[in-house]
Structures are given as structure tokens and as C-alpha cells.
file final_6.cif (mmCIF, C-alpha atoms)
data_coords
loop_
_atom_site.label_atom_id
_atom_site.label_comp_id
_atom_site.auth_asym_id
_atom_site.auth_seq_id
_atom_site.Cartn_x
_atom_site.Cartn_y
_atom_site.Cartn_z
CA MET A 1 120.47 128.37 -5.51
CA SER A 2 122.66 126.95 -2.77
CA ILE A 3 122.52 128.41 0.73
CA SER A 4 125.46 128.01 3.06
CA ILE A 5 125.17 126.89 6.67
CA GLY A 6 126.79 130.20 7.68
CA SER A 7 124.01 132.14 5.96
CA ILE A 8 121.37 130.12 7.80
CA LYS A 9 123.07 130.74 11.14
CA ARG A 10 123.34 134.49 10.46
CA ALA A 11 119.68 134.63 9.48
CA GLU A 12 118.70 132.79 12.67
CA ALA A 13 120.83 135.15 14.77
CA GLY A 14 119.23 138.16 13.07
CA LYS A 15 115.76 136.77 13.72
CA ASN A 16 116.56 136.30 17.43
CA ILE A 17 117.86 139.87 17.67
CA LEU A 18 114.64 141.15 16.09
CA TYR A 19 112.45 139.06 18.39
CA ARG A 20 114.44 140.08 21.47
CA THR A 21 114.05 143.75 20.49
CA LEU A 22 110.28 143.36 20.07
CA VAL A 23 109.95 141.72 23.49
CA GLN A 24 112.07 144.42 25.15
CA LEU A 25 110.00 147.18 23.52
CA SER A 26 106.74 145.59 24.71
CA GLU A 27 108.08 145.28 28.25
CA PHE A 28 109.53 148.82 28.31
CA PHE A 29 106.33 150.51 27.08
CA HIS A 30 104.00 148.07 28.95
CA ILE A 31 102.15 147.07 25.79
CA SER A 32 101.48 143.70 24.20
CA ILE A 33 103.42 142.32 21.25
CA GLU A 34 100.16 142.42 19.27
CA ASP A 35 100.17 146.22 19.64
CA LEU A 36 103.62 146.38 17.99
CA ILE A 37 102.98 144.11 15.02
CA GLY A 38 99.69 142.88 13.67
CA ASP A 39 100.29 139.44 12.19
CA ILE A 40 102.45 137.57 14.72
CA PRO A 41 104.34 134.54 13.35
CA VAL A 42 104.21 131.31 15.33
CA SER A 43 108.01 131.37 15.63
CA LEU A 44 107.78 134.65 17.62
CA TRP A 45 105.34 133.10 20.09
CA ASP A 46 107.66 130.12 20.45
CA TYR A 47 110.57 132.50 21.12
CA VAL A 48 108.58 134.32 23.84
CA ARG A 49 107.67 131.02 25.52
CA GLU A 50 111.12 129.48 25.38
CA ARG A 51 113.43 132.49 25.83
CA PRO A 52 115.53 132.68 29.00
CA THR A 53 114.00 135.23 31.38
CA GLN A 54 116.00 137.87 33.18
CA LEU A 55 116.41 137.31 36.90
CA ILE A 56 113.74 139.51 38.47
CA PRO A 57 114.77 141.12 41.78
CA CYS A 58 112.97 139.64 44.76
CA ILE A 59 114.10 141.60 47.81
CA GLY A 60 113.10 140.49 51.29
CA ARG A 61 111.66 137.10 50.32
CA ASP A 62 114.61 134.80 51.06
CA TRP A 63 112.60 132.52 53.37
CA GLU A 64 109.80 132.11 50.83
CA LEU A 65 112.28 131.34 48.05
CA SER A 66 114.10 128.75 50.16
CA LEU A 67 110.78 127.06 50.96
CA LEU A 68 109.88 126.86 47.27
CA GLN A 69 113.32 125.42 46.54
CA LYS A 70 112.86 122.72 49.21
CA LEU A 71 109.47 121.81 47.76
CA GLN A 72 110.94 121.66 44.28
CA LEU A 73 113.64 119.22 45.39
CA SER A 74 111.20 117.04 47.34
CA SER A 75 108.80 116.90 44.36
CA LYS A 76 111.11 114.37 42.67
CA THR A 77 109.24 111.62 44.53
CA GLY A 78 105.72 112.90 43.88
CA LEU A 79 103.45 115.90 43.60
CA LYS A 80 104.07 118.91 45.83
CA THR A 81 101.83 121.98 45.80
CA ALA A 82 102.47 125.47 47.12
CA CYS A 83 99.93 128.25 47.58
CA VAL A 84 101.39 131.77 47.67
CA TYR A 85 98.76 134.23 48.87
CA GLY A 86 98.33 137.68 50.36
CA MET A 87 97.19 141.22 49.66
CA GLN A 88 97.53 142.73 46.19
CA GLY A 89 100.95 144.26 45.60
CA LEU A 90 102.95 142.26 48.14
CA GLY A 91 104.97 140.59 45.39
CA LYS A 92 103.34 137.20 44.75
CA THR A 93 103.92 137.33 41.00
CA SER A 94 107.46 138.70 41.47
CA LEU A 95 108.27 135.87 43.90
CA VAL A 96 106.99 133.16 41.55
CA ARG A 97 108.64 134.62 38.46
CA HIS A 98 111.94 135.11 40.29
CA PHE A 99 111.85 131.47 41.39
CA LEU A 100 111.08 130.31 37.84
CA SER A 101 113.82 132.52 36.37
CA ARG A 102 116.31 130.73 38.64
CA LEU A 103 115.14 127.42 37.17
CA ASP A 104 115.74 128.71 33.65
CA GLN A 105 119.45 128.50 34.44
CA THR A 106 119.19 124.81 35.38
CA ASN A 107 117.93 121.61 33.77
CA TRP A 108 114.53 121.89 35.49
CA ARG A 109 111.71 122.60 33.04
CA ALA A 110 109.17 125.16 34.28
CA LEU A 111 105.95 126.61 32.85
CA TYR A 112 104.14 129.79 33.86
CA LEU A 113 100.45 130.48 33.23
CA CYS A 114 98.70 133.71 34.25
CA SER A 115 94.96 133.79 34.99
CA LEU A 116 94.43 137.55 34.51
CA ASP A 117 92.69 137.08 31.15
CA GLN A 118 89.88 134.98 32.57
CA GLY A 119 87.99 134.66 29.29
CA THR A 120 90.79 132.74 27.55
CA PHE A 121 92.28 130.99 30.57
CA LEU A 122 91.04 127.44 29.88
CA ARG A 123 92.04 127.65 26.23
CA ARG A 124 95.56 128.73 27.27
CA PHE A 125 95.62 126.06 29.98
CA ILE A 126 94.69 123.33 27.48
CA CYS A 127 97.22 124.62 24.93
CA THR A 128 99.89 124.53 27.64
CA LEU A 129 99.09 120.92 28.54
CA LEU A 130 99.01 119.92 24.87
CA ASP A 131 102.28 121.79 24.17
CA ILE A 132 100.86 123.81 21.30
CA SER A 133 100.90 127.51 20.50
CA GLU A 134 98.11 129.66 21.93
CA ILE A 135 97.55 131.20 18.49
CA PHE A 136 96.59 127.91 16.85
CA ASP A 137 93.44 128.52 14.83
CA ASP A 138 90.23 126.76 15.86
CA GLU A 139 90.54 123.97 13.29
CA GLN A 140 94.10 123.12 14.36
CA LEU A 141 93.05 123.09 18.02
CA ARG A 142 90.07 120.86 17.20
CA PHE A 143 92.42 118.42 15.48
CA ARG A 144 94.84 118.26 18.44
CA ILE A 145 92.02 117.79 20.93
CA LYS A 146 90.54 115.00 18.82
CA MET A 147 93.91 113.20 18.83
CA ILE A 148 93.93 112.88 22.65
CA SER A 149 90.20 112.35 23.22
CA THR A 150 89.16 108.90 24.41
CA SER A 151 85.50 109.28 23.42
CA PRO A 152 83.21 111.63 21.47
CA LEU A 153 81.86 113.11 24.72
CA VAL A 154 85.37 113.87 25.97
CA TYR A 155 86.11 115.48 22.60
CA PHE A 156 82.97 117.65 22.76
CA TYR A 157 83.63 118.63 26.36
CA LEU A 158 87.24 119.66 25.69
CA LEU A 159 86.05 121.73 22.75
CA ARG A 160 83.67 123.55 25.09
CA LEU A 161 86.38 124.08 27.72
CA SER A 162 88.60 125.57 25.01
CA GLY A 163 85.93 128.11 24.13
CA LEU A 164 85.41 126.68 20.65
CA VAL A 165 81.98 126.90 19.04
CA LEU A 166 80.30 123.50 19.10
CA HIS A 167 78.15 122.19 16.28
CA LYS A 168 74.48 121.73 17.12
CA SER A 169 74.78 117.95 17.54
CA GLU A 170 77.91 118.30 19.71
CA LEU A 171 76.23 120.86 21.97
CA GLN A 172 73.11 118.72 22.28
CA ALA A 173 75.15 115.67 23.29
CA ILE A 174 76.71 117.65 26.17
CA ASN A 175 73.47 119.33 27.25
CA ASN A 176 71.64 115.99 27.47
CA LEU A 177 74.03 114.62 30.09
CA SER A 178 72.94 114.29 33.71
CA GLU A 179 74.89 116.21 36.34
CA ASN A 180 76.73 113.07 37.51
CA ARG A 181 77.54 111.95 33.98
CA LEU A 182 78.75 115.46 33.08
CA HIS A 183 81.13 115.37 36.05
CA GLU A 184 82.46 111.98 34.91
CA VAL A 185 83.10 113.36 31.42
CA GLU A 186 84.84 116.39 32.91
CA VAL A 187 87.19 114.15 34.94
CA LEU A 188 87.91 111.95 31.92
CA SER A 189 88.63 115.05 29.83
CA VAL A 190 91.13 116.40 32.34
CA MET A 191 92.72 112.94 32.67
CA GLY A 192 93.25 112.91 28.90
CA LEU A 193 95.05 116.24 29.13
CA ILE A 194 97.18 114.92 32.00
CA GLN A 195 98.28 111.87 29.99
CA ASN A 196 99.55 114.18 27.26
CA PHE A 197 101.11 116.59 29.78
CA LYS A 198 103.17 113.80 31.38
CA GLN A 199 105.18 113.47 28.18
CA ARG A 200 106.47 117.04 28.54
CA LYS A 201 108.39 116.14 31.73
CA VAL A 202 107.69 119.51 33.30
CA SER A 203 109.21 119.92 36.77
CA VAL A 204 107.40 123.08 37.91
CA LEU A 205 104.04 124.51 36.84
CA ALA A 206 103.01 127.93 38.16
CA ILE A 207 99.45 129.25 37.84
CA ASP A 208 99.29 132.92 38.78
CA SER A 209 96.30 135.05 39.91
CA LEU A 210 94.09 132.07 40.71
CA HIS A 211 91.52 134.36 42.41
CA ILE A 212 90.47 135.73 39.00
CA LEU A 213 89.01 132.39 37.89
CA ASN A 214 85.32 131.53 38.04
CA GLU A 215 83.85 128.48 39.75
CA GLY A 216 83.97 126.24 36.68
CA GLN A 217 87.59 127.12 35.91
CA LEU A 218 88.64 126.48 39.52
CA ARG A 219 86.91 123.09 39.37
CA VAL A 220 89.02 122.11 36.34
CA ILE A 221 92.21 123.15 38.16
CA LYS A 222 91.10 121.19 41.22
CA ILE A 223 90.52 118.01 39.16
CA PHE A 224 93.85 118.49 37.42
CA THR A 225 95.75 118.91 40.70
CA GLN A 226 94.09 115.99 42.47
CA ASN A 227 94.94 113.66 39.60
CA MET A 228 98.60 114.69 39.41
CA ILE A 229 99.33 113.14 42.80
CA THR A 230 101.85 110.54 41.53
CA GLN A 231 103.69 112.92 39.21
CA PRO A 232 107.14 114.34 40.09
CA ILE A 233 106.14 117.98 39.81
CA LEU A 234 105.78 121.12 41.91
CA ILE A 235 102.60 123.09 41.21
CA ILE A 236 102.63 126.66 42.49
CA PHE A 237 99.42 128.65 42.84
CA SER A 238 99.46 132.36 43.60
CA LEU A 239 96.38 134.34 44.57
CA THR A 240 95.05 137.41 46.31
CA ASP A 241 92.80 136.40 49.21
CA VAL A 242 89.56 137.89 47.88
CA HIS A 243 86.28 136.72 46.34
CA ARG A 244 85.96 132.92 46.09
CA LEU A 245 89.42 132.47 47.58
CA LEU A 246 89.02 134.73 50.60
CA TYR A 247 89.35 131.49 52.53
CA LEU A 248 91.26 128.66 50.88
CA PRO A 249 89.04 125.75 49.73
CA ASP A 250 89.75 122.23 51.00
CA TRP A 251 91.80 121.20 47.96
CA LEU A 252 94.16 124.14 48.57
CA GLN A 253 94.20 123.78 52.35
CA SER A 254 96.40 120.70 52.02
CA SER A 255 99.02 122.60 49.99
CA ASN A 256 102.11 124.19 51.49
CA GLN A 257 100.79 127.64 52.31
CA ILE A 258 103.09 130.64 51.90
CA GLN A 259 101.41 133.80 53.14
CA LEU A 260 103.17 136.96 52.03
CA LYS A 261 103.21 139.67 54.66
CA PRO A 262 104.33 143.31 54.34
CA LEU A 263 108.09 143.68 53.95
CA GLN A 264 110.18 144.91 56.85
CA ALA A 265 111.64 148.45 56.73
CA ILE A 266 115.15 147.20 55.94
CA ALA A 267 113.85 145.35 52.86
CA MET A 268 111.77 148.35 51.78
CA ASN A 269 114.83 150.62 52.01
CA ALA A 270 116.80 148.13 49.91
CA LEU A 271 113.95 148.07 47.40
CA VAL A 272 114.00 151.88 47.15
CA ASN A 273 117.74 151.81 46.48
CA ASN A 274 117.29 149.10 43.85
CA GLU A 275 114.55 151.07 42.09
CA VAL A 276 116.69 154.22 42.06
CA GLU A 277 119.64 152.32 40.57
CA MET A 278 117.45 150.77 37.87
CA ASN A 279 115.65 154.06 37.11
CA PRO A 280 118.00 156.93 38.02
CA CYS A 281 115.42 159.69 37.63
CA GLN A 282 115.47 162.63 40.06
CA PRO A 283 117.75 160.84 42.55
CA MET A 284 118.03 163.89 44.84
CA LYS A 285 114.27 164.18 45.14
CA LEU A 286 113.90 160.46 45.75
CA ALA A 287 116.53 160.61 48.48
CA ALA A 288 114.64 163.43 50.19
CA TYR A 289 111.34 161.56 49.99
CA LYS A 290 112.74 158.11 50.73
CA LYS A 291 111.53 157.97 54.34
CA ILE A 292 108.06 159.22 53.41
CA VAL A 293 107.75 156.75 50.54
CA VAL A 294 108.69 153.79 52.75
CA GLN A 295 106.30 154.97 55.45
CA ARG A 296 103.33 155.44 53.10
CA ALA A 297 103.91 152.11 51.32
CA ARG A 298 103.63 150.20 54.63
CA GLY A 299 105.60 147.21 53.40
CA ASN A 300 103.84 146.93 50.01
CA PRO A 301 106.41 146.78 47.14
CA LEU A 302 103.91 147.63 44.38
CA ILE A 303 102.77 150.77 46.18
CA LEU A 304 106.38 151.70 46.91
CA LYS A 305 107.32 151.52 43.23
CA ALA A 306 104.28 153.57 42.25
CA LEU A 307 105.08 156.26 44.83
CA ILE A 308 108.69 156.48 43.61
CA LYS A 309 107.41 157.31 40.11
CA SER A 310 105.00 159.91 41.48
CA LYS A 311 105.74 163.64 41.21
CA ARG A 312 104.51 164.16 44.77
CA PRO A 313 105.14 160.89 46.62
CA ASP A 314 104.19 162.51 49.94
CA GLN A 315 100.70 163.42 48.68
CA ASP A 316 99.71 161.50 45.55
CA PHE A 317 97.79 158.25 45.46
CA PRO A 318 99.23 155.61 43.08
CA GLU A 319 97.09 155.58 39.96
CA GLU A 320 96.95 151.78 39.91
CA MET A 321 95.60 151.74 43.46
CA VAL A 322 93.00 154.44 42.78
CA ASN A 323 91.75 152.48 39.77
CA SER A 324 91.65 149.29 41.84
CA VAL A 325 89.63 150.93 44.64
CA GLN A 326 87.24 152.52 42.16
CA GLY A 327 86.70 149.13 40.56
CA MET A 328 85.95 147.63 43.97
CA LEU A 329 83.49 150.46 44.73
CA THR A 330 81.44 149.61 41.63
CA GLN A 331 80.72 146.19 43.15
CA LEU A 332 78.96 147.65 46.20
CA THR A 333 75.25 148.09 46.83
CA GLY A 334 73.94 151.33 48.30
CA ILE A 335 73.87 150.08 51.90
CA GLU A 336 77.34 148.51 51.53
CA CYS A 337 78.66 151.84 50.28
CA ARG A 338 77.13 153.64 53.28
CA LEU A 339 78.77 151.14 55.64
CA LEU A 340 82.12 151.67 53.94
CA GLN A 341 81.70 155.44 54.31
CA PHE A 342 80.92 154.96 57.99
CA LEU A 343 84.03 152.85 58.47
CA ALA A 344 86.19 155.42 56.66
CA ALA A 345 84.79 158.15 58.92
CA CYS A 346 85.80 156.13 61.97
CA GLY A 347 89.39 155.57 60.88
CA PRO A 348 91.63 152.82 59.47
CA CYS A 349 90.72 150.51 62.37
CA VAL A 350 87.13 150.16 63.61
CA SER A 351 86.15 148.27 66.76
CA ILE A 352 83.18 145.89 66.96
CA ASP A 353 81.55 148.15 69.56
CA THR A 354 81.70 151.11 67.19
CA LEU A 355 80.06 149.06 64.45
CA GLU A 356 77.03 148.56 66.68
CA LEU A 357 76.19 152.24 66.09
CA PHE A 358 75.68 151.47 62.43
CA ASN A 359 74.15 148.04 63.00
CA SER A 360 71.27 149.50 65.02
CA GLN A 361 69.90 151.22 61.89
CA LEU A 362 69.91 148.14 59.67
CA SER A 363 67.18 145.68 58.73
CA GLU A 364 69.79 143.00 57.91
CA PRO A 365 72.77 141.83 59.99
CA CYS A 366 75.79 144.09 59.69
CA ILE A 367 78.05 141.03 59.64
CA CYS A 368 76.78 140.10 56.16
CA LEU A 369 77.66 143.53 54.81
CA LEU A 370 81.07 143.44 56.49
CA HIS A 371 81.78 140.04 54.96
CA ARG A 372 81.09 141.51 51.52
CA LEU A 373 83.58 144.33 52.16
CA VAL A 374 86.15 141.78 53.32
CA ARG A 375 85.46 139.53 50.33
CA ILE A 376 85.84 142.36 47.81
CA GLY A 377 89.15 143.43 49.34
CA PHE A 378 88.55 146.55 51.45
CA LEU A 379 88.95 145.07 54.93
CA TYR A 380 90.61 142.41 57.05
CA PRO A 381 88.74 141.03 60.09
CA ARG A 382 90.56 140.95 63.41
CA SER A 383 89.46 139.51 66.76
CA GLU A 384 87.99 142.77 68.11
CA CYS A 385 87.91 145.03 65.06
CA TYR A 386 88.02 145.44 61.29
CA ILE A 387 90.96 147.15 59.59
CA PHE A 388 91.41 148.53 56.09
CA ARG A 389 93.79 146.29 54.15
CA HIS A 390 96.13 149.19 53.57
CA ILE A 391 96.24 152.72 54.92
CA LEU A 392 96.07 154.11 51.37
CA ILE A 393 92.85 152.18 50.68
CA TRP A 394 91.35 153.99 53.65
CA GLU A 395 92.67 157.36 52.44
CA ILE A 396 91.40 156.80 48.88
CA VAL A 397 87.94 155.79 50.12
CA LYS A 398 87.80 158.98 52.20
CA ALA A 399 88.92 161.01 49.19
CA GLN A 400 86.01 159.59 47.17
CA MET A 401 83.56 161.26 49.57
CA ASN A 402 83.08 164.43 47.55
CA ASP A 403 79.41 164.61 46.59
CA SER A 404 76.82 166.09 48.97
CA ASP A 405 75.04 162.80 49.71
CA THR A 406 78.25 161.05 50.68
CA ALA A 407 79.44 164.03 52.67
CA SER A 408 76.20 164.09 54.67
CA VAL A 409 76.56 160.40 55.52
CA TYR A 410 80.14 160.99 56.60
CA SER A 411 79.14 163.97 58.77
CA GLU A 412 76.13 162.20 60.28
CA GLN A 413 78.05 159.10 61.32
CA HIS A 414 81.05 161.12 62.49
CA ASN A 415 78.84 163.26 64.72
CA ARG A 416 77.12 160.15 66.08
CA LEU A 417 80.50 158.77 67.13
CA ASN A 418 81.36 161.97 68.97
CA ALA A 419 77.99 162.18 70.77
#
call {"tool": "encode", "arguments": {"input": "final_6.cif", "output": "C-alpha cells"}}
result
Amino acid sequence: MSISIGSIKRAEAGKNILYRTLVQLSEFFHISIEDLIGDIPVSLWDYVRERPTQLIPCIGRDWELSLLQKLQLSSKTGLKTACVYGMQGLGKTSLVRHFLSRLDQTNWRALYLCSLDQGTFLRRFICTLLDISEIFDDEQLRFRIKMISTSPLVYFYLLRLSGLVLHKSELQAINNLSENRLHEVEVLSVMGLIQNFKQRKVSVLAIDSLHILNEGQLRVIKIFTQNMITQPILIIFSLTDVHRLLYLPDWLQSSNQIQLKPLQAIAMNALVNNEVEMNPCQPMKLAAYKKIVVQRARGNPLILKALIKSKRPDQDFPEEMVNSVQGMLTQLTGIECRLLQFLAACGPCVSIDTLELFNSQLSEPCICLLHRLVRIGFLYPRSECYIFRHILIWEIVKAQMNDSDTASVYSEQHNRLNA
């Protein structure tokens, strides 16, 4: 049976319409494509990776975008790195994706890799460098890794980085290596990936949510970056300044640092108007609450958007923020929780002198406990005080003080302050 070229073109157009609809449904309902259809064809994954992205609004970040553009242009002569960092919700991902979406309309080739799924990050990173689909089965991935491996040890090590199950002999060969030899194999493995990656002629590589990664994963990214020095590429890292990356390590200190700060009121007002235009729900109510929403968000775009969707934006806490704070609270020890309660009782800003009241009761230095609270993401240190990272974090922590034990701690410390 003969098939005309016109029929093939119509079939291809129909397939693209179907794939575009699936992607739009997943984005609209905030679910993954896997939730929509079970057995995902490779061609759909390729469509998702290669499709042109819509230009994502990025209000109030003109200076940051211009800096990224300058770095992109100067990367023609060699590696340039940028580190976009700041508090959760300030728009790091939106900034990076907006910048990349601009590149989609040019001849620059850009890749985006998100670190949020920590468990599969290195597998996705390796697949990105090898230019293969993330849904390759284990045997196909083994074959591709073997093709670029320069030695059996490199092959075994890349298998382990990819999260593949090693055979007993392969695992034993890796486990028998000394620490120095293991580091050499790790460098050689990453260099093999780089040699393959060079052929893709990628101009910009963005790695988002770097703070999620563990120590071993960060070490791989460090080796990769340090050995890309002669390549004409811009590598963009984005991260929230918490945990291991509360303070930037040496290999990121040398990058072009772009710290995102809260947006100014004029940008926040523009963002409100943009959100209302895109989602014209209850416009009269939003107009009445506009000033309150901007005030409560304190320059944080993510919080602003959540408050706009709220039924009572003057009273409600954004659900995403409540969940985030509750997750942070689960990381605290008993004494750290008591310190946090004390700080919340004192207010959103607590002086060093006030902290001495709590410090006098401790068997360990208060500074160690405070550092933990800073590292987890509750506080920022200032020269003479500690402040909650956002006013709503402080309010949510206070709202968590409902049980009798917590309430007694709150009352005890509050009375001590007023004595």
C-alpha cells in the first residue's frame, strides 16, 4: 500500500497537536505526563525536550536578565558561569526559564536540568550529556555508557553514578579502589562525559535547585564545571541559600553571582496586574485586596501568587509555605524547636542581647543552634540581630504554637523578656 507524502505530513501534524495538548493539560492541572498516560512513547519525551517554550513573564528582573545576556555573549571565547541564588520564592527558576525561553527563539542551543528529584538527578544529568532519552531502559543505558568509557573502571563507575545495579564483580572492582584512585576514576568518568557533551554544541546549560543535591552529586557537578573551562558555554546554577549551600563553596565563589532580592513595590503591583489578566477570577475582590496582598508578600513573587489565589488573602497563609515550614520543623531537635519558639515570641527580628536570655539556660553554645536554624532556612543573620527570612515564616511558626507544652514555652520566654 502506497502512502503519500501529504498523508505523512498530516499524521505528523496530528501527532504534534496531540502531544501539545497532553503537555498543556499536565501544566494546567499541575500533574506529570505519566499521570495522564501510562506507557509514554519515546517520541513524546523528545517532543517535550525539543518543543519551543512559551515566554514566561519575568517582571522586575531586567538587570539580572541583562547580566545573563552579557555572560552568554562573552562565553563565546570560553566558559562563563553564573550563580543565581536567594530565598525560596523570589523567582530564581522563573528568571532562568525566561532567559532560556528567549534563547529558544535564536540559534543558541540551551539545556535545562532540574535537581528537585534528587534520587534520579545523576542519571538525568548523564542522559543529558549523552544526548539520550531519560526513559532509556537499563540495558540501553549500559550500552551507551560502555561506548564512551575509556576503561572498565570508568564504565563501572558511570554505571554506579547512573543508579544502575552493578554485577558483583563490577561492584567489587569499585569497592577495592583506594580513596585517591577512586577520585581519579571519578574525574576520568566525568571527562568521558564531557568529551561526548562537546559534540552537542550546547551554548547554555542551566542546572536548577542545586541546593537539593547531596555531597557526592555536588562533587560531580564541581568536576564537570572545572573541566569545561575551555568550552564556549554559559553554565547557570540556581539555588536557595540553605543547607550545604548556605555559603557558596569555593568553586562557586568564582562564578558571576546574581543574588535575587525582594521585588520593589512597583514590580509587585505590575505582577498583581499580570496575574489578574492571566487568571481573571474575582477581579473586584483582587482589586480590593491588592494593597494587602503586596504588603503581605514583602517582595516575594511566589507568595504573592499564592495569596492572590487565596479566598482570604488578608488572613490566609499560602498552603505551599505552610507545608514548607512544617517540613523544616521536622528537621529540628527539641532544643532547636524551643529556641525557634523563643525567637517567634520575641518578634520577626531578635537582637543578640535578647538571645543572651535564652543562652544562659543552655549547656551548649546558642550560636550552634542559631546556625542550624539559619542553615535550614528559618533565619538570616545580621550584624546585631537575627531576622526571620520572611514575615510569613514568623507568623506561621507562631501559629504552630498550639499545644500546651509549646504554649508554656512561649509564655515563659515572653514573660522573661518583659521582666
call {"tool": "residues_near_point", "arguments": {"input": "final_6.cif", "point": "(86.6, 131.3, 30.4)", "cutoff": "9 Å", "atoms": "all atoms listed in the file", "output": "short mmCIF file (atom, residue, chain, number, x, y, z; two decimals) with C-alpha atoms, keeping the file's coordinate frame"}}
result
data_model
loop_
_atom_site.label_atom_id
_atom_site.label_comp_id
_atom_site.auth_asym_id
_atom_site.auth_seq_id
_atom_site.Cartn_x
_atom_site.Cartn_y
_atom_site.Cartn_z
CA ASP A 117 92.69 137.08 31.15
CA GLN A 118 89.88 134.98 32.57
CA GLY A 119 87.99 134.66 29.29
CA THR A 120 90.79 132.74 27.55
CA PHE A 121 92.28 130.99 30.57
CA LEU A 122 91.04 127.44 29.88
CA ARG A 123 92.04 127.65 26.23
CA LEU A 161 86.38 124.08 27.72
CA SER A 162 88.60 125.57 25.01
CA GLY A 163 85.93 128.11 24.13
CA LEU A 213 89.01 132.39 37.89
CA ASN A 214 85.32 131.53 38.04
CA GLY A 216 83.97 126.24 36.68
CA GLN A 217 87.59 127.12 35.91
#
call {"tool": "axis_aligned_box", "arguments": {"input": "final_6.cif", "around": "region 105-116 of chain A", "padding_each_side": "6 Å", "output": "lines of an AutoDock Vina configuration file"}}
result
center_x = 106.9
center_y = 129.6
center_z = 34.2
size_x = 37.0
size_y = 27.9
size_z = 14.6
call {"tool": "atom_distance", "arguments": {"input": "final_6.cif", "atom1": "CA of Ile145 (chain A)", "atom2": "CA of His167 (chain A)"}}
result
15.3 Å
call {"tool": "residues_near_point", "arguments": {"input": "final_6.cif", "point": "(111.0, 146.0, 48.1)", "cutoff": "8 Å", "atoms": "only C-alpha atoms", "output": "list in words"}}
result
Cys58, Ile59, Gly60, Leu263, Ala267, Met268, Asn269, Ala270, Leu271, Val272, Gly299, Asn300, Pro301 and Leu304 of chain A
call {"tool": "closest_residue", "arguments": {"input": "final_6.cif", "among": "A:Ser383, A:Ala345, A:Phe125, A:Val202", "to": "Ile221 (chain A)", "atoms": "all atoms listed in the file"}}
result
A:Phe125
call {"tool": "residues_around", "arguments": {"input": "final_6.cif", "residues": "Thr128 (chain A)", "least_positions_apart": "3", "cutoff": "12 Å", "atoms": "all atoms listed in the file", "output": "JSON, numbers by chain"}}
result
{"A": [46, 49, 110, 111, 112, 113, 114, 121, 122, 123, 124, 125, 131, 132, 133, 134, 135, 136, 141, 162, 193, 194, 196, 197, 198, 200, 202, 205, 206, 207]}
call {"tool": "residues_around", "arguments": {"input": "final_6.cif", "residues": "Leu373 (chain A)", "least_positions_apart": "4", "cutoff": "10 Å", "atoms": "all atoms listed in the file", "output": "list in words"}}
result
Val242, His243, Met328, Leu329, Gln331, Leu332, Glu336, Cys337, Leu339, Leu340, Ile367, Cys368, Leu369, Gly377, Phe378, Leu379, Tyr380 and Phe388 of chain A
call {"tool": "closest_residue", "arguments": {"input": "final_6.cif", "among": "A:Thr330, A:Met401, A:Leu260, A:Val276", "to": "Gln88 (chain A)", "atoms": "all atoms listed in the file"}}
result
A:Leu260
